[in-house]
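Listing of start08.pdb, PDB, C-alpha atoms, pLDDT in the B column
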ATOM      1  CA  MET M 229     -86.536  -2.150 -70.680  1.00 47.00           C
ATOM      2  CA  LYS M 230     -89.487  -0.597 -68.831  1.00 50.00           C
ATOM      3  CA  ILE M 231     -89.140  -3.131 -66.029  1.00 49.00           C
ATOM      4  CA  LYS M 232     -85.450  -2.299 -65.694  1.00 52.00           C
ATOM      5  CA  LYS M 233     -86.229   1.418 -65.436  1.00 48.00           C
ATOM      6  CA  VAL M 234     -88.866   0.753 -62.776  1.00 40.00           C
ATOM      7  CA  CYS M 235     -86.386  -1.327 -60.756  1.00 45.00           C
ATOM      8  CA  VAL M 236     -83.807   1.450 -60.971  1.00 47.00           C
ATOM      9  CA  LEU M 237     -86.420   3.982 -59.872  1.00 44.00           C
ATOM     10  CA  ILE M 238     -87.481   1.857 -56.910  1.00 43.00           C
ATOM     11  CA  SER M 239     -83.858   1.371 -55.873  1.00 48.00           C
ATOM     12  CA  SER M 240     -83.331   5.129 -56.017  1.00 50.00           C
ATOM     13  CA  LEU M 241     -86.413   5.787 -53.911  1.00 40.00           C
ATOM     14  CA  ILE M 242     -85.308   3.252 -51.302  1.00 43.00           C
ATOM     15  CA  ALA M 243     -81.841   4.796 -51.192  1.00 49.00           C
ATOM     16  CA  ALA M 244     -83.398   8.231 -50.742  1.00 47.00           C
ATOM     17  CA  GLY M 245     -85.565   6.944 -47.893  1.00 47.00           C
ATOM     18  CA  ILE M 246     -88.810   7.771 -49.713  1.00 41.00           C
ATOM     19  CA  LEU M 247     -90.080   4.196 -49.577  1.00 46.00           C
ATOM     20  CA  SER M 248     -89.122   3.579 -45.968  1.00 52.00           C
ATOM     21  CA  ALA M 249     -92.516   3.201 -44.250  1.00 47.00           C
ATOM     22  CA  PRO M 250     -93.969   6.727 -44.312  1.00 54.00           C
ATOM     23  CA  ALA M 251     -95.085   7.885 -40.891  1.00 56.00           C
ATOM     24  CA  VAL M 252     -98.525   8.922 -42.130  1.00 58.00           C
ATOM     25  CA  ALA M 253     -99.234   5.523 -43.670  1.00 58.00           C
ATOM     26  CA  ALA M 254     -98.024   3.725 -40.552  1.00 64.00           C
ATOM     27  CA  ALA M 255    -100.158   5.895 -38.295  1.00 72.00           C
ATOM     28  CA  ASN M 256    -103.339   5.246 -40.263  1.00 82.00           C
ATOM     29  CA  GLY M 257    -102.788   1.720 -41.581  1.00 92.00           C
ATOM     30  CA  PRO M 258    -102.841  -1.787 -40.092  1.00 93.00           C
ATOM     31  CA  LEU M 259     -99.243  -1.473 -38.863  1.00 92.00           C
ATOM     32  CA  ALA M 260    -100.278   1.167 -36.344  1.00 94.00           C
ATOM     33  CA  GLY M 261    -100.520   0.028 -32.753  1.00 95.00           C
ATOM     34  CA  TYR M 262     -97.955  -2.781 -32.597  1.00 97.00           C
ATOM     35  CA  THR M 263     -96.511  -1.285 -29.413  1.00 96.00           C
ATOM     36  CA  ILE M 264     -96.553  -4.326 -27.126  1.00 98.00           C
ATOM     37  CA  HIS M 265     -93.033  -5.822 -27.118  1.00 98.00           C
ATOM     38  CA  VAL M 266     -92.284  -9.185 -25.524  1.00 96.00           C
ATOM     39  CA  ALA M 267     -89.162 -11.351 -25.905  1.00 94.00           C
ATOM     40  CA  ALA M 268     -89.271 -15.136 -25.653  1.00 86.00           C
ATOM     41  CA  PRO M 269     -87.409 -18.172 -27.008  1.00 82.00           C
ATOM     42  CA  HIS M 270     -89.157 -21.239 -28.408  1.00 86.00           C
ATOM     43  CA  VAL M 271     -88.372 -24.920 -28.789  1.00 82.00           C
ATOM     44  CA  MET M 272     -87.987 -26.443 -32.242  1.00 87.00           C
ATOM     45  CA  ASP M 273     -86.669 -29.947 -32.965  1.00 86.00           C
ATOM     46  CA  GLY M 274     -85.888 -30.369 -29.285  1.00 85.00           C
ATOM     47  CA  GLU M 275     -83.653 -27.295 -29.137  1.00 87.00           C
ATOM     48  CA  ILE M 276     -84.147 -23.847 -27.640  1.00 84.00           C
ATOM     49  CA  VAL M 277     -84.094 -21.210 -30.379  1.00 85.00           C
ATOM     50  CA  GLY M 278     -84.462 -17.462 -30.272  1.00 84.00           C
ATOM     51  CA  PRO M 279     -85.221 -15.280 -28.464  1.00 87.00           C
ATOM     52  CA  TYR M 280     -87.888 -13.888 -30.752  1.00 93.00           C
ATOM     53  CA  HIS M 281     -89.133 -10.352 -30.362  1.00 96.00           C
ATOM     54  CA  HIS M 282     -92.928 -10.195 -30.434  1.00 97.00           C
ATOM     55  CA  TYR M 283     -94.524  -6.916 -31.509  1.00 98.00           C
ATOM     56  CA  CYS M 284     -98.238  -7.185 -30.800  1.00 98.00           C
ATOM     57  CA  LYS M 285    -101.549  -5.365 -30.763  1.00 97.00           C
ATOM     58  CA  ALA M 286    -105.134  -6.270 -29.936  1.00 96.00           C
ATOM     59  CA  ILE M 287    -107.423  -6.118 -32.976  1.00 97.00           C
ATOM     60  CA  ASN M 288    -110.587  -6.842 -30.980  1.00 96.00           C
ATOM     61  CA  ALA M 289    -111.636  -8.061 -27.538  1.00 95.00           C
ATOM     62  CA  ASP M 290    -110.669 -11.671 -28.338  1.00 97.00           C
ATOM     63  CA  ILE M 291    -107.613 -11.534 -30.600  1.00 98.00           C
ATOM     64  CA  ILE M 292    -104.083 -10.158 -30.320  1.00 98.00           C
ATOM     65  CA  GLN M 293    -101.836 -10.327 -33.389  1.00 98.00           C
ATOM     66  CA  CYS M 294     -98.042 -10.513 -33.120  1.00 98.00           C
ATOM     67  CA  ILE M 295     -95.248 -10.127 -35.660  1.00 98.00           C
ATOM     68  CA  LEU M 296     -92.060 -11.897 -34.544  1.00 97.00           C
ATOM     69  CA  PHE M 297     -88.494 -10.915 -35.429  1.00 97.00           C
ATOM     70  CA  GLU M 298     -85.083 -12.462 -34.730  1.00 94.00           C
ATOM     71  CA  SER M 299     -83.766  -9.238 -33.215  1.00 95.00           C
ATOM     72  CA  THR M 300     -84.569  -5.566 -32.755  1.00 96.00           C
ATOM     73  CA  GLN M 301     -82.308  -4.469 -35.623  1.00 96.00           C
ATOM     74  CA  PRO M 302     -83.965  -2.310 -38.343  1.00 95.00           C
ATOM     75  CA  ASN M 303     -83.560  -5.042 -40.980  1.00 95.00           C
ATOM     76  CA  ALA M 304     -84.290  -8.029 -38.730  1.00 96.00           C
ATOM     77  CA  ARG M 305     -85.971 -10.956 -40.443  1.00 96.00           C
ATOM     78  CA  MET M 306     -89.673 -11.476 -39.710  1.00 97.00           C
ATOM     79  CA  THR M 307     -89.586 -15.202 -39.023  1.00 96.00           C
ATOM     80  CA  GLU M 308     -92.845 -15.941 -37.190  1.00 96.00           C
ATOM     81  CA  VAL M 309     -96.376 -14.770 -36.520  1.00 97.00           C
ATOM     82  CA  GLU M 310     -98.469 -15.496 -33.464  1.00 96.00           C
ATOM     83  CA  TYR M 311    -102.155 -15.244 -32.700  1.00 97.00           C
ATOM     84  CA  MET M 312    -103.262 -14.852 -29.097  1.00 96.00           C
ATOM     85  CA  VAL M 313    -106.941 -15.698 -28.736  1.00 98.00           C
ATOM     86  CA  SER M 314    -109.154 -15.495 -25.671  1.00 98.00           C
ATOM     87  CA  LYS M 315    -109.447 -18.862 -23.964  1.00 97.00           C
ATOM     88  CA  ARG M 316    -113.203 -18.642 -24.253  1.00 97.00           C
ATOM     89  CA  LEU M 317    -113.011 -18.433 -28.033  1.00 98.00           C
ATOM     90  CA  ALA M 318    -110.013 -20.706 -28.629  1.00 97.00           C
ATOM     91  CA  ARG M 319    -111.326 -23.539 -26.493  1.00 95.00           C
ATOM     92  CA  THR M 320    -114.806 -23.507 -27.982  1.00 97.00           C
ATOM     93  CA  SER M 321    -113.874 -22.977 -31.635  1.00 96.00           C
ATOM     94  CA  LEU M 322    -111.290 -25.736 -32.085  1.00 96.00           C
ATOM     95  CA  PRO M 323    -111.307 -29.540 -31.816  1.00 96.00           C
ATOM     96  CA  LYS M 324    -109.685 -30.558 -28.529  1.00 94.00           C
ATOM     97  CA  TRP M 325    -106.882 -32.478 -30.287  1.00 93.00           C
ATOM     98  CA  SER M 326    -105.970 -29.421 -32.377  1.00 93.00           C
ATOM     99  CA  HIS M 327    -105.977 -27.065 -29.407  1.00 89.00           C
ATOM    100  CA  THR M 328    -103.858 -29.449 -27.332  1.00 85.00           C
ATOM    101  CA  GLN M 329    -101.351 -30.147 -30.080  1.00 86.00           C
ATOM    102  CA  ASN M 330    -100.908 -26.662 -31.513  1.00 89.00           C
ATOM    103  CA  TRP M 331    -101.808 -24.059 -28.892  1.00 90.00           C
ATOM    104  CA  HIS M 332    -100.325 -22.936 -25.589  1.00 88.00           C
ATOM    105  CA  ASP M 333    -101.753 -21.412 -22.402  1.00 87.00           C
ATOM    106  CA  HIS M 334    -100.197 -18.001 -21.805  1.00 88.00           C
ATOM    107  CA  GLN M 335    -101.050 -17.816 -18.115  1.00 85.00           C
ATOM    108  CA  GLU M 336     -99.230 -21.068 -17.515  1.00 78.00           C
ATOM    109  CA  GLU M 337     -96.178 -19.694 -19.308  1.00 81.00           C
ATOM    110  CA  ILE M 338     -96.294 -16.306 -17.590  1.00 83.00           C
ATOM    111  CA  ASP M 339     -96.322 -18.105 -14.234  1.00 78.00           C
ATOM    112  CA  THR M 340     -92.983 -19.758 -15.085  1.00 75.00           C
ATOM    113  CA  GLY M 341     -91.299 -16.331 -15.155  1.00 79.00           C
ATOM    114  CA  ARG M 342     -89.969 -16.876 -18.672  1.00 81.00           C
ATOM    115  CA  VAL M 343     -91.812 -14.012 -20.363  1.00 86.00           C
ATOM    116  CA  ALA M 344     -89.804 -10.806 -20.773  1.00 94.00           C
ATOM    117  CA  ILE M 345     -92.040  -7.743 -21.118  1.00 96.00           C
ATOM    118  CA  ILE M 346     -90.001  -5.002 -22.783  1.00 97.00           C
ATOM    119  CA  ASN M 347     -92.809  -2.576 -23.563  1.00 97.00           C
ATOM    120  CA  PRO M 348     -94.722  -1.277 -21.679  1.00 97.00           C
ATOM    121  CA  THR M 349     -92.080  -0.439 -19.096  1.00 97.00           C
ATOM    122  CA  ASP M 350     -94.315   0.759 -16.259  1.00 97.00           C
ATOM    123  CA  PRO M 351     -94.780  -2.048 -13.680  1.00 96.00           C
ATOM    124  CA  LYS M 352     -98.524  -1.421 -13.355  1.00 96.00           C
ATOM    125  CA  GLU M 353     -98.963  -1.554 -17.117  1.00 97.00           C
ATOM    126  CA  GLN M 354     -96.872  -4.719 -17.258  1.00 96.00           C
ATOM    127  CA  GLU M 355     -99.090  -6.300 -14.628  1.00 96.00           C
ATOM    128  CA  ALA M 356    -102.227  -5.300 -16.552  1.00 96.00           C
ATOM    129  CA  LEU M 357    -100.757  -6.662 -19.794  1.00 96.00           C
ATOM    130  CA  ALA M 358     -99.770  -9.944 -18.154  1.00 95.00           C
ATOM    131  CA  LYS M 359    -103.291 -10.327 -16.784  1.00 95.00           C
ATOM    132  CA  TYR M 360    -104.784  -9.568 -20.196  1.00 96.00           C
ATOM    133  CA  VAL M 361    -102.500 -11.934 -22.102  1.00 94.00           C
ATOM    134  CA  GLY M 362    -102.900 -14.563 -19.380  1.00 92.00           C
ATOM    135  CA  ASN M 363    -106.515 -14.919 -20.471  1.00 96.00           C
ATOM    136  CA  THR M 364    -105.418 -16.028 -23.950  1.00 95.00           C
ATOM    137  CA  ASP M 365    -104.093 -19.122 -25.670  1.00 92.00           C
ATOM    138  CA  GLY M 366    -101.520 -18.747 -28.443  1.00 91.00           C
ATOM    139  CA  ILE M 367    -100.423 -20.414 -31.650  1.00 94.00           C
ATOM    140  CA  ILE M 368     -97.110 -19.639 -33.402  1.00 95.00           C
ATOM    141  CA  PHE M 369     -96.238 -20.214 -37.048  1.00 97.00           C
ATOM    142  CA  HIS M 370     -92.522 -20.346 -37.902  1.00 96.00           C
ATOM    143  CA  LEU M 371     -92.171 -19.300 -41.548  1.00 97.00           C
ATOM    144  CA  TRP M 372     -88.457 -18.738 -42.220  1.00 96.00           C
ATOM    145  CA  PRO M 373     -86.172 -21.685 -41.387  1.00 92.00           C
ATOM    146  CA  GLU M 374     -82.883 -20.915 -39.674  1.00 86.00           C
ATOM    147  CA  GLY M 375     -80.058 -20.692 -42.187  1.00 89.00           C
ATOM    148  CA  ALA M 376     -82.346 -20.498 -45.216  1.00 95.00           C
ATOM    149  CA  PRO M 377     -81.706 -17.520 -47.525  1.00 96.00           C
ATOM    150  CA  ILE M 378     -85.449 -17.064 -48.032  1.00 97.00           C
ATOM    151  CA  PRO M 379     -88.640 -18.698 -46.711  1.00 97.00           C
ATOM    152  CA  ASP M 380     -88.975 -22.083 -48.406  1.00 96.00           C
ATOM    153  CA  GLY M 381     -92.686 -22.740 -47.925  1.00 96.00           C
ATOM    154  CA  SER M 382     -92.349 -24.889 -44.815  1.00 96.00           C
ATOM    155  CA  VAL M 383     -94.399 -23.945 -41.764  1.00 96.00           C
ATOM    156  CA  HIS M 384     -93.501 -25.209 -38.290  1.00 94.00           C
ATOM    157  CA  ILE M 385     -95.372 -24.776 -35.010  1.00 94.00           C
ATOM    158  CA  PRO M 386     -92.831 -24.229 -32.211  1.00 91.00           C
ATOM    159  CA  GLN M 387     -93.296 -25.242 -28.601  1.00 79.00           C
ATOM    160  CA  SER M 388     -92.372 -23.422 -25.435  1.00 76.00           C
ATOM    161  CA  VAL M 389     -89.534 -24.368 -23.161  1.00 74.00           C
ATOM    162  CA  GLY M 390     -91.932 -24.997 -20.295  1.00 72.00           C
ATOM    163  CA  ASN M 391     -94.225 -27.282 -22.232  1.00 72.00           C
ATOM    164  CA  TRP M 392     -91.377 -29.205 -23.850  1.00 73.00           C
ATOM    165  CA  GLU M 393     -89.727 -29.859 -20.501  1.00 73.00           C
ATOM    166  CA  ALA M 394     -93.022 -30.903 -18.915  1.00 72.00           C
ATOM    167  CA  ARG M 395     -93.604 -33.446 -21.667  1.00 75.00           C
ATOM    168  CA  HIS M 396     -90.079 -34.582 -22.584  1.00 78.00           C
ATOM    169  CA  GLY M 397     -87.645 -33.638 -19.822  1.00 82.00           C
ATOM    170  CA  LYS M 398     -85.155 -30.900 -19.032  1.00 80.00           C
ATOM    171  CA  ILE M 399     -83.333 -29.181 -21.906  1.00 79.00           C
ATOM    172  CA  VAL M 400     -79.792 -28.522 -20.690  1.00 73.00           C
ATOM    173  CA  SER M 401     -78.637 -26.304 -23.551  1.00 59.00           C
ATOM    174  CA  LYS M 402     -79.152 -25.616 -27.225  1.00 47.00           C
ATOM    175  CA  GLY M 403     -77.994 -28.558 -29.264  1.00 45.00           C
ATOM    176  CA  SER M 404     -78.568 -31.050 -26.463  1.00 39.00           C
ATOM    177  CA  SER M 405     -80.972 -33.920 -26.843  1.00 39.00           C
ATOM    178  CA  ASN M 406     -84.080 -34.093 -24.695  1.00 37.00           C
ATOM    179  CA  HIS M 407     -82.765 -35.565 -21.460  1.00 37.00           C
ATOM    180  CA  GLY M 408     -84.624 -38.039 -19.294  1.00 38.00           C
ATOM    181  CA  SER M 409     -87.377 -38.510 -21.834  1.00 38.00           C
ATOM    182  CA  SER M 410     -88.345 -40.135 -25.087  1.00 36.00           C
ATOM    183  CA  SER M 411     -85.981 -39.536 -28.004  1.00 36.00           C
ATOM    184  CA  HIS M 412     -88.520 -38.290 -30.534  1.00 39.00           C
ATOM    185  CA  HIS M 413     -88.939 -34.607 -31.332  1.00 40.00           C
ATOM    186  CA  ASP M 414     -92.224 -32.797 -30.887  1.00 40.00           C
ATOM    187  CA  GLU M 415     -94.468 -33.474 -33.835  1.00 39.00           C
ATOM    188  CA  SER M 416     -95.722 -29.897 -33.803  1.00 39.00           C
ATOM    189  CA  SER M 417     -92.334 -28.544 -34.910  1.00 39.00           C
ATOM    190  CA  HIS M 418     -92.415 -30.552 -38.128  1.00 39.00           C
ATOM    191  CA  GLY M 419     -95.856 -29.850 -39.509  1.00 39.00           C
ATOM    192  CA  HIS M 420     -98.278 -32.597 -38.561  1.00 38.00           C
ATOM    193  CA  ASP M 421    -101.247 -34.506 -39.862  1.00 37.00           C
ATOM    194  CA  HIS M 422    -104.173 -32.402 -38.728  1.00 35.00           C
ATOM    195  CA  GLY M 423    -106.499 -35.334 -39.216  1.00 34.00           C
ATOM    196  CA  ALA M 424    -104.860 -37.267 -36.396  1.00 33.00           C
ATOM    197  CA  LYS M 425    -106.608 -37.441 -33.042  1.00 34.00           C
ATOM    198  CA  HIS M 426    -104.815 -36.869 -29.746  1.00 34.00           C
ATOM    199  CA  ASP M 427    -106.038 -37.608 -26.252  1.00 36.00           C
ATOM    200  CA  HIS M 428    -103.825 -35.144 -24.373  1.00 36.00           C
ATOM    201  CA  ASP M 429    -105.404 -32.906 -21.753  1.00 38.00           C
ATOM    202  CA  HIS M 430    -105.615 -29.143 -22.333  1.00 35.00           C
ATOM    203  CA  GLY M 431    -102.919 -28.713 -19.697  1.00 36.00           C
ATOM    204  CA  ALA M 432    -100.315 -30.160 -22.073  1.00 35.00           C
ATOM    205  CA  ASN M 433    -100.346 -27.116 -24.309  1.00 36.00           C
ATOM    206  CA  HIS M 434     -97.521 -25.088 -25.854  1.00 35.00           C
ATOM    207  CA  HIS M 435     -96.061 -21.983 -24.223  1.00 36.00           C
ATOM    208  CA  GLU M 436     -93.805 -19.050 -24.949  1.00 37.00           C
ATOM    209  CA  SER M 437     -90.763 -18.356 -22.841  1.00 35.00           C
ATOM    210  CA  SER M 438     -88.446 -15.428 -22.417  1.00 34.00           C
ATOM    211  CA  SER M 439     -84.879 -14.931 -23.528  1.00 33.00           C
ATOM    212  CA  SER M 440     -81.763 -15.231 -21.465  1.00 32.00           C
ATOM    213  CA  GLY M 441     -80.497 -12.342 -23.548  1.00 33.00           C
ATOM    214  CA  SER M 442     -83.017  -9.883 -22.121  1.00 34.00           C
ATOM    215  CA  SER M 443     -82.256  -7.948 -18.975  1.00 34.00           C
ATOM    216  CA  SER M 444     -83.506  -9.782 -15.894  1.00 34.00           C
ATOM    217  CA  ASN M 445     -85.684  -6.955 -14.643  1.00 37.00           C
ATOM    218  CA  ASN M 446     -87.898  -7.416 -17.699  1.00 46.00           C
ATOM    219  CA  TYR M 447     -88.928 -10.928 -16.666  1.00 52.00           C
ATOM    220  CA  TYR M 448     -92.483 -11.133 -15.509  1.00 54.00           C
ATOM    221  CA  ALA M 449     -94.162 -13.731 -13.356  1.00 50.00           C
ATOM    222  CA  THR M 450     -97.646 -13.322 -11.970  1.00 42.00           C
ATOM    223  CA  LYS M 451     -97.394 -12.679  -8.250  1.00 40.00           C
ATOM    224  CA  LYS M 452     -99.083 -15.382  -6.198  1.00 37.00           C
TER     225      LYS M 452
END
Could you express the structure from this file as structure tokens?
Amino acid sequence: MKIKKVCVLISSLIAAGILSAPAVAAANGPLAGYTIHVAAPHVMDGEIVGPYHHYCKAINADIIQCILFESTQPNARMTEVEYMVSKRLARTSLPKWSHTQNWHDHQEEIDTGRVAIINPTDPKEQEALAKYVGNTDGIIFHLWPEGAPIPDGSVHIPQSVGNWEARHGKIVSKGSSNHGSSSHHDESSHGHDHGAKHDHDHGANHHESSSSGSSSNNYYATKK
């Protein structure tokens, strides 16, 4: 009976807007500062999925944390998290096989022009952000499978469009098989055996890429 009353009380508070992320708590807690907003699709099971909206902040000189959503709607599902780590730290702290298999080089992806910077909006700030993020490697964890009513405990590591196409061939459209390449899907999107050793070079890393649904003037490519 007490539990039922508590549930009713919580429902009433939510309906009244009292439990909807108080501004004071957000300003002083760990959610403060997630003001960087980047949109990018990923590749899972050989298909382009997304775009995912990355809301990020730097927590120290080496690490940027990102919370990823399916859309910008108020009740959008949080489906992924990403860690962007300075190349100096990422490439000296991890076994080479793990870095190659699971991580992606952000500068390489930025240079493809696939990254859509939504916030900041000032071109100079976008350029500074791109330079900052370009000095990091990233790893993404996909936590909520598409079509599942709730997270089911599976964790996938998506690839980028650029890296997938470099390794497996051009992806024509969502739902198409990987053309001009081997028929297997990327092992990183299925959850892999972390004890396995891989001899790939660091250049064959994963990347993020931007969404075709974002306005074109948001796309950012480092000027040569």
Å distance separating atom CA of Pro323 of chain M from atom CA of Val389 of chain M, one decimal place: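 Straight-line distance from atom CA of Pro323 of chain M to atom CA of Val389 of chain M works out to 24.0 Å.
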Separation of atom CA of Thr307 of chain M from atom CA of Ser382 of chain M in Å: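 According to the coordinates, atom CA of Ser382 of chain M and atom CA of Thr307 of chain M are separated by 11.6 Å.
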Mind checking which residues fall within 12 Å of Leu317 of chain M, counting all atoms listed in the file, ignoring those fewer than 3 positions away in the same chain, and posting them as an mmCIF file with C-alpha atoms, in the frame of the given file?
data_model
loop_
_atom_site.group_PDB
_atom_site.id
_atom_site.type_symbol
_atom_site.label_atom_id
_atom_site.label_comp_id
_atom_site.auth_asym_id
_atom_site.auth_seq_id
_atom_site.Cartn_x
_atom_site.Cartn_y
_atom_site.Cartn_z
ATOM 1 C CA ALA M 289 -111.636 -8.061 -27.538
ATOM 2 C CA ASP M 290 -110.669 -11.671 -28.338
ATOM 3 C CA ILE M 291 -107.613 -11.534 -30.600
ATOM 4 C CA MET M 312 -103.262 -14.852 -29.097
ATOM 5 C CA VAL M 313 -106.941 -15.698 -28.736
ATOM 6 C CA SER M 314 -109.154 -15.495 -25.671
ATOM 7 C CA THR M 320 -114.806 -23.507 -27.982
ATOM 8 C CA SER M 321 -113.874 -22.977 -31.635
ATOM 9 C CA LEU M 322 -111.290 -25.736 -32.085
ATOM 10 C CA PRO M 323 -111.307 -29.540 -31.816
ATOM 11 C CA HIS M 327 -105.977 -27.065 -29.407
ATOM 12 C CA ASN M 363 -106.515 -14.919 -20.471
ATOM 13 C CA THR M 364 -105.418 -16.028 -23.950
ATOM 14 C CA ASP M 365 -104.093 -19.122 -25.670
ATOM 15 C CA GLY M 366 -101.520 -18.747 -28.443
#
Distance in Å - atom CA of Ala255 of chain M versus atom CA of Gly278 of chain M: 29.3 Å
Nearest residue to His270 of chain M from the set M:Ile378, M:Pro348, M:Val343, M:Ile295 (distances using all atoms listed in the file):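 Among M:Ile378, M:Pro348, M:Val343, M:Ile295, it is M:Val343 that comes nearest to His270 of chain M.
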Explicit residue set for the PyMOL selection byres ((chain M and resi 352-361) around 8), as a list of chain:residue names: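 Selected by the PyMOL selection byres ((chain M and resi 352-361) around 8) in this file: M:Met312, M:His334, M:Gln335, M:Ile338, M:Ile345, M:Asn347, M:Pro348, M:Thr349, M:Asp350, M:Pro351, M:Gly362, M:Asn363, M:Thr364, M:Tyr448, M:Thr450.
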Residue with smallest distance to Ile399 of chain M - pool M:Ala267, M:Met272, M:Pro258, M:Arg305, counting only C-alpha atoms: M:Met272
The PyMOL selection byres ((chain M and resi 381) around 12) applied to the shown file, residues as a list in words: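 With the PyMOL selection byres ((chain M and resi 381) around 12) on this model, the match is Phe369, His370, Leu371, Trp372, Pro373, Ala376, Ile378, Pro379, Asp380, Ser382, Val383, His384 and Gly419 of chain M.
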Pick from M:Phe297, M:Arg316, M:Ile346, M:Ile287, whichever lies nearest to His265 of chain M using all atoms listed in the file: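 Among M:Phe297, M:Arg316, M:Ile346, M:Ile287, it is M:Ile346 that comes nearest to His265 of chain M.
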Selection dump of the PyMOL selection byres ((chain M and resi 330) around 9), as a list in words: Trp325, Ser326, His327, Thr328, Gln329, Trp331, His332, Gly366, Ile367, Ile368, Ile385, Pro386, Gln387, Ser416, Asn433 and His434 of chain M
Restrict the selected residues to C-alpha atoms and save them as an mmCIF file, keeping the file's coordinate frame.
data_model
loop_
_atom_site.group_PDB
_atom_site.id
_atom_site.type_symbol
_atom_site.label_atom_id
_atom_site.label_comp_id
_atom_site.auth_asym_id
_atom_site.auth_seq_id
_atom_site.Cartn_x
_atom_site.Cartn_y
_atom_site.Cartn_z
ATOM 1 C CA TRP M 325 -106.882 -32.478 -30.287
ATOM 2 C CA SER M 326 -105.970 -29.421 -32.377
ATOM 3 C CA HIS M 327 -105.977 -27.065 -29.407
ATOM 4 C CA THR M 328 -103.858 -29.449 -27.332
ATOM 5 C CA GLN M 329 -101.351 -30.147 -30.080
ATOM 6 C CA TRP M 331 -101.808 -24.059 -28.892
ATOM 7 C CA HIS M 332 -100.325 -22.936 -25.589
ATOM 8 C CA GLY M 366 -101.520 -18.747 -28.443
ATOM 9 C CA ILE M 367 -100.423 -20.414 -31.650
ATOM 10 C CA ILE M 368 -97.110 -19.639 -33.402
ATOM 11 C CA ILE M 385 -95.372 -24.776 -35.010
ATOM 12 C CA PRO M 386 -92.831 -24.229 -32.211
ATOM 13 C CA GLN M 387 -93.296 -25.242 -28.601
ATOM 14 C CA SER M 416 -95.722 -29.897 -33.803
ATOM 15 C CA ASN M 433 -100.346 -27.116 -24.309
ATOM 16 C CA HIS M 434 -97.521 -25.088 -25.854
#
Contact residues around Ser299 of chain M with all atoms listed in the file at 10 Å, ignoring same-chain residues under 2 positions, as a list of chain:residue names: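 Those residues are M:Ala267, M:Gly278, M:Pro279, M:Tyr280, M:His281, M:His282, M:Leu296, M:Phe297, M:Gln301, M:Pro302, M:Asn303, M:Ala304, M:Arg305, M:Met306.
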Nearest-residue call for Cys284 of chain M, choices M:Tyr311, M:Arg319, M:Asn256, M:Pro377, using only C-alpha atoms: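 Using only C-alpha atoms, the shortest distance to Cys284 of chain M belongs to M:Tyr311.
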